[in-house]
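**Q** Contents are mmCIF, C-alpha atoms; file name my_file_15.cif:
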```cif
data_work
#
loop_
_atom_site.label_atom_id
_atom_site.label_comp_id
_atom_site.auth_asym_id
_atom_site.auth_seq_id
_atom_site.Cartn_x
_atom_site.Cartn_y
_atom_site.Cartn_z
CA MET A 21 -51.80 1.43 10.34
CA THR A 22 -49.10 -1.22 10.95
CA GLU A 23 -48.48 -2.75 14.35
CA GLU A 24 -45.07 -1.04 14.44
CA ALA A 25 -46.67 2.34 13.83
CA LYS A 26 -49.22 1.67 16.61
CA THR A 27 -46.74 0.40 19.23
CA GLY A 28 -43.47 1.93 18.07
CA GLU A 29 -41.80 -1.50 18.17
CA PRO A 30 -40.93 -3.79 15.23
CA GLN A 31 -43.03 -6.93 15.04
CA ALA A 32 -41.36 -10.35 15.11
CA SER A 33 -42.94 -11.35 11.82
CA GLU A 34 -41.25 -8.48 9.95
CA PRO A 35 -37.55 -8.91 9.09
CA SER A 36 -35.27 -6.15 10.34
CA PRO A 37 -33.20 -4.25 7.75
CA THR A 38 -30.01 -5.96 8.96
CA SER A 39 -31.36 -9.46 8.29
CA GLU A 40 -32.05 -8.80 4.60
CA PRO A 41 -29.55 -10.15 2.05
CA ARG A 42 -27.09 -7.56 0.78
CA THR A 43 -27.11 -6.81 -2.91
CA THR A 44 -23.89 -4.72 -2.81
CA PRO A 45 -20.36 -6.02 -2.15
CA GLY A 46 -19.74 -6.86 1.45
CA VAL A 47 -16.86 -6.41 3.79
CA SER A 48 -13.47 -7.68 2.67
CA VAL A 49 -11.65 -9.76 5.27
CA VAL A 50 -8.06 -10.93 4.76
CA GLY A 51 -6.79 -13.20 7.49
CA PRO A 52 -3.23 -13.93 8.60
CA GLY A 53 -1.31 -15.40 5.69
CA GLY A 54 -3.97 -14.23 3.22
CA GLY A 55 -3.62 -11.74 0.42
CA GLU A 56 -1.34 -11.68 -2.59
CA THR A 57 2.38 -12.14 -1.93
CA ILE A 58 4.92 -10.18 -3.95
CA VAL A 59 8.61 -10.88 -3.41
CA LEU A 60 11.06 -8.21 -4.54
CA GLY A 61 14.55 -9.36 -3.68
CA SER A 62 14.88 -9.22 0.10
CA THR A 63 11.50 -7.48 0.52
CA ARG A 64 8.32 -9.50 0.94
CA MET A 65 5.04 -7.68 0.38
CA ARG A 66 1.56 -8.94 1.18
CA VAL A 67 -1.17 -7.06 -0.68
CA LEU A 68 -4.11 -6.96 1.71
CA GLU A 69 -6.33 -4.80 -0.52
CA ASP A 70 -5.52 -4.10 -4.15
CA GLY A 71 -8.39 -1.67 -4.66
CA SER A 72 -10.85 -4.20 -6.00
CA HIS A 73 -13.03 -3.91 -2.86
CA THR A 74 -12.73 -0.13 -2.46
CA GLY A 75 -13.73 1.13 -5.87
CA HIS A 76 -9.98 1.65 -6.44
CA ARG A 77 -9.89 4.44 -3.84
CA LEU A 78 -7.51 2.63 -1.47
CA ALA A 79 -4.94 -0.17 -1.50
CA ILE A 80 -3.13 -1.59 1.53
CA ALA A 81 0.00 -3.72 1.75
CA GLU A 82 2.21 -5.11 4.49
CA SER A 83 5.92 -5.18 3.71
CA VAL A 84 8.74 -6.96 5.50
CA LEU A 85 12.10 -5.29 4.82
CA ALA A 86 15.07 -7.53 5.52
CA PRO A 87 18.04 -6.05 7.40
CA GLN A 88 20.22 -3.74 5.31
CA THR A 89 17.55 -3.39 2.59
CA GLN A 90 17.78 -0.44 0.23
CA GLY A 91 14.51 0.90 -1.07
CA PRO A 92 13.57 2.27 -4.47
CA PRO A 93 15.26 5.28 -6.03
CA GLN A 94 13.95 8.52 -4.52
CA HIS A 95 10.77 9.35 -6.43
CA ARG A 96 7.59 11.44 -6.43
CA HIS A 97 4.03 10.40 -7.21
CA ALA A 98 1.84 12.72 -9.24
CA ARG A 99 -1.52 11.11 -8.50
CA HIS A 100 -1.55 9.29 -5.19
CA ASP A 101 -0.84 9.67 -1.51
CA GLU A 102 1.26 7.02 0.19
CA GLY A 103 1.13 6.19 3.88
CA PHE A 104 3.50 4.03 5.93
CA TYR A 105 2.78 2.77 9.46
CA ILE A 106 5.73 1.04 11.10
CA LEU A 107 4.60 -2.17 12.78
CA SER A 108 8.06 -3.27 13.96
CA GLY A 109 11.67 -2.24 13.57
CA THR A 110 12.89 1.06 12.18
CA VAL A 111 12.57 2.33 8.61
CA ARG A 112 14.64 5.25 7.35
CA PHE A 113 12.68 7.64 5.15
CA THR A 114 14.57 10.09 2.99
CA VAL A 115 12.42 13.05 1.98
CA GLY A 116 14.39 15.35 -0.27
CA ASN A 117 17.67 15.77 1.63
CA GLU A 118 16.26 14.95 5.07
CA ASP A 119 16.44 11.53 6.75
CA TYR A 120 13.82 10.42 9.28
CA ASP A 121 14.17 7.21 11.28
CA ALA A 122 10.64 5.95 11.85
CA SER A 123 10.38 3.39 14.65
CA THR A 124 7.52 1.12 15.69
CA GLY A 125 4.24 3.02 15.98
CA THR A 126 5.27 5.86 13.63
CA LEU A 127 3.06 6.97 10.75
CA VAL A 128 4.59 8.66 7.69
CA VAL A 129 2.25 10.17 5.08
CA VAL A 130 3.70 11.27 1.75
CA PRO A 131 1.46 13.53 -0.39
CA PRO A 132 1.70 13.72 -4.18
CA GLY A 133 4.75 15.58 -5.46
CA THR A 134 6.94 14.91 -2.41
CA PRO A 135 10.30 13.27 -3.21
CA HIS A 136 10.87 10.24 -0.98
CA THR A 137 12.35 6.80 -0.53
CA PHE A 138 12.83 4.38 2.35
CA ALA A 139 15.27 1.73 3.51
CA ASN A 140 16.03 -0.54 6.42
CA PRO A 141 19.64 0.23 7.37
CA SER A 142 19.42 -1.75 10.62
CA ASP A 143 20.44 -5.32 11.40
CA GLU A 144 16.84 -6.31 12.25
CA PRO A 145 13.86 -6.84 9.94
CA ALA A 146 11.31 -4.04 9.73
CA VAL A 147 7.60 -4.42 9.01
CA MET A 148 5.39 -1.64 7.71
CA LEU A 149 1.81 -1.26 6.56
CA SER A 150 1.46 0.91 3.45
CA THR A 151 -1.58 2.64 2.02
CA PHE A 152 -2.01 3.94 -1.52
CA THR A 153 -4.84 6.35 -2.34
CA PRO A 154 -5.95 5.72 -4.97
CA ASP A 155 -4.78 2.14 -5.55
CA LEU A 156 -2.77 3.05 -8.67
CA TYR A 157 0.61 1.92 -7.35
CA VAL A 158 -0.09 -1.74 -6.49
CA GLN A 159 0.46 -2.75 -10.10
CA TYR A 160 3.93 -1.18 -9.96
CA PHE A 161 5.00 -3.84 -7.45
CA ARG A 162 3.52 -6.57 -9.61
CA ASP A 163 5.49 -5.20 -12.56
CA LEU A 164 8.73 -5.30 -10.55
CA GLN A 165 8.06 -8.90 -9.53
CA GLU A 166 7.59 -9.72 -13.22
CA VAL A 167 11.00 -8.20 -14.02
CA LEU A 168 12.57 -10.57 -11.49
CA ALA A 169 10.50 -13.55 -12.68
CA ASP A 170 11.78 -12.92 -16.22
CA GLY A 171 15.34 -13.23 -14.91
CA ARG A 172 16.16 -9.54 -15.35
CA PRO A 173 17.92 -7.61 -12.56
CA LEU A 174 15.95 -5.09 -10.54
CA THR A 175 18.14 -2.13 -11.49
CA PRO A 176 17.39 1.54 -10.75
CA GLN A 177 16.45 1.91 -14.43
CA ALA A 178 14.01 -1.03 -14.22
CA ASN A 179 12.43 0.75 -11.23
CA VAL A 180 12.20 4.03 -13.13
CA ASP A 181 10.68 2.31 -16.17
CA ALA A 182 7.98 0.71 -14.02
CA MET A 183 7.35 3.94 -12.08
CA SER A 184 6.73 5.86 -15.29
CA ARG A 185 3.65 3.72 -16.00
CA TYR A 186 2.02 4.85 -12.73
CA ALA A 187 2.32 8.65 -12.69
CA THR A 188 5.60 8.48 -10.79
CA GLU A 189 9.00 9.88 -11.67
CA PRO A 190 12.46 9.73 -10.13
CA ALA A 191 13.43 12.63 -7.89
CA THR A 192 17.15 11.91 -8.31
CA PRO A 193 18.76 13.55 -11.34
CA GLY A 194 20.24 11.16 -13.87
CA LEU A 195 17.89 8.22 -13.21
CA ALA A 196 15.30 9.13 -15.82
#
```
Rewrite the structure from the file as structure tokens, please.
**A**
Amino acid sequence: MTEEAKTGEPQASEPSPTSEPRTTPGVSVVGPGGGETIVLGSTRMRVLEDGSHTGHRLAIAESVLAPQTQGPPQHRHARHDEGFYILSGTVRFTVGNEDYDASTGTLVVVPPGTPHTFANPSDEPAVMLSTFTPDLYVQYFRDLQEVLADGRPLTPQANVDAMSRYATEPATPGLA
């Protein structure tokens, strides 16, 4: 019988389970200023988790929307949920024909199939944290940045073309 079994207490000579080296991926930590930066016109996005540390179940990004920023064409995702937590400012979400002004501290969750878009119609910047489950949609933003890097304009059609690669379609007639 071991000393631990006799006394009920771990012995100092035996390592505790928490002191053993991990053989699986550890915690992902992204500090201030870290992460991948994607610039899309007047919107600056910081990808905090692209899915590579979550088995592609979850991606997280922080976006800064400049004043008077229009968002993407209204669209619906077939395969992922999208969440938006407003960190500062006010973001206008259009869901179908309804507008919702989401101010600091508001959470908006958009399930698959729900037509939506967002914008910052105010004169102040707005900052939001977005989640994508699964992580499918992060590459969409990278694709849009590539359009701009190639010197092409970020038109509604360029948006629609990129969306189509990620199980997303426009909700506005005439954009497809």
**Q** Mind pulling up the distance from atom CA of A:Tyr160 to atom CA of A:Thr175?
**A**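 Rounded to one decimal, the two atoms are 14.3 Å apart.
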**Q** Please write as a list in words the full residue list that the PyMOL selection byres ((chain A and resi 47-53) around 10) yields on this file.
**A**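 That selection, the PyMOL selection byres ((chain A and resi 47-53) around 10), comes back as Thr44, Pro45, Gly46, Gly54, Gly55, Glu56, Thr57, Arg66, Val67, Leu68, Glu69, Ser72, His73 and Thr74 of chain A.
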**Q** Selected by the PyMOL selection byres ((chain A and resi 88) around 8) in the shown coordinates: which residues, as a ChimeraX atom specification?
**A** /A:86-87,89-90,139-143
**Q** What residues come out when you apply the PyMOL selection byres ((chain A and resi 129) around 7) to this file, written as a ChimeraX atom specification?
**A** /A:102-104,127-128,130-131
**Q** Between atom CA of A:Gly91 and atom CA of A:Gly75, what is the distance in Å, rounded to a tenth?
**A**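 The value is 28.6 Å.
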**Q** List the spatial neighbours of stretch 112-121 of chain A as a PDB file with C-alpha atoms, keeping the file's coordinate frame - criterion: any atom at most 6 Å away, all atoms listed in the file, same-chain residues fewer than 3 positions off excluded.
**A**
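This is the output file result06.pdb:
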```pdb
ATOM      1  CA  PRO A 135      10.300  13.270  -3.210  1.00  0.00           C
ATOM      2  CA  HIS A 136      10.870  10.240  -0.980  1.00  0.00           C
ATOM      3  CA  THR A 137      12.350   6.800  -0.530  1.00  0.00           C
ATOM      4  CA  PHE A 138      12.830   4.380   2.350  1.00  0.00           C
ATOM      5  CA  ALA A 139      15.270   1.730   3.510  1.00  0.00           C
TER       6      ALA A 139
END
```
**Q** What separation in Å, quoted to one decimal, exists between atom CA of A:Leu174 and atom CA of A:Thr126?
**A** 28.6 Å
**Q** Taking into account only C-alpha atoms, which residue in the set A:Thr110, A:Ser123, A:Ser184, A:Gln165 is nearest to A:Glu144?
**A**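 Nearest to A:Glu144: A:Thr110.
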**Q** Grab all the atoms of stretch 161-171 of chain A that the file lists, wrap them in a box along x, y and z, add 8 Å per side, and give me centre plus edge lengths in Å (one decimal) as JSON.
**A**
```
{"center_x": 9.4, "center_y": -8.7, "center_z": -11.8, "size_x": 27.8, "size_y": 25.7, "size_z": 24.8}
```
**Q** Have a look at A:Asp181, A:Thr134, A:Val158, A:Pro173 and name the one nearest to A:His95; count all atoms listed in the file.
**A**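 Of A:Asp181, A:Thr134, A:Val158, A:Pro173, the one nearest A:His95 is A:Thr134, counting all atoms listed in the file.
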**Q** Enumerate, as a list in words, the protein, DNA and RNA residues whose atoms approach (11.3, 1.9, 11.6) to within 6 Å, taking into account only C-alpha atoms and the coordinate frame of the file.
**A**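 Here is the list of nearby residues: Ile106, Gly109, Thr110, Val111, Ala122, Ser123 and Thr124 of chain A.
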**Q** Find the residue from A:Leu85, A:Ala178, A:Met183, A:Ala191 that sits nearest to A:Thr63; use all atoms listed in the file when measuring.
**A** A:Leu85
**Q** Please write as a list of chain:residue names the list of polymer residues whose atoms come within 7 Å of (5.1, -1.8, -14.2), counting only C-alpha atoms and keeping to the coordinates of the file.
**A**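 Checking each residue against the 7 Å limit leaves A:Gln159, A:Tyr160, A:Arg162, A:Asp163, A:Leu164, A:Ala182, A:Met183, A:Arg185.
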**Q** For the selection just defined, write its residues with C-alpha atoms to a file, as a PDB file, in the frame of the given file.
**A**
```pdb
ATOM      1  CA  GLN A 159       0.460  -2.750 -10.100  1.00  0.00           C
ATOM      2  CA  TYR A 160       3.930  -1.180  -9.960  1.00  0.00           C
ATOM      3  CA  ARG A 162       3.520  -6.570  -9.610  1.00  0.00           C
ATOM      4  CA  ASP A 163       5.490  -5.200 -12.560  1.00  0.00           C
ATOM      5  CA  LEU A 164       8.730  -5.300 -10.550  1.00  0.00           C
ATOM      6  CA  ALA A 182       7.980   0.710 -14.020  1.00  0.00           C
ATOM      7  CA  MET A 183       7.350   3.940 -12.080  1.00  0.00           C
ATOM      8  CA  ARG A 185       3.650   3.720 -16.000  1.00  0.00           C
TER       9      ARG A 185
END
```
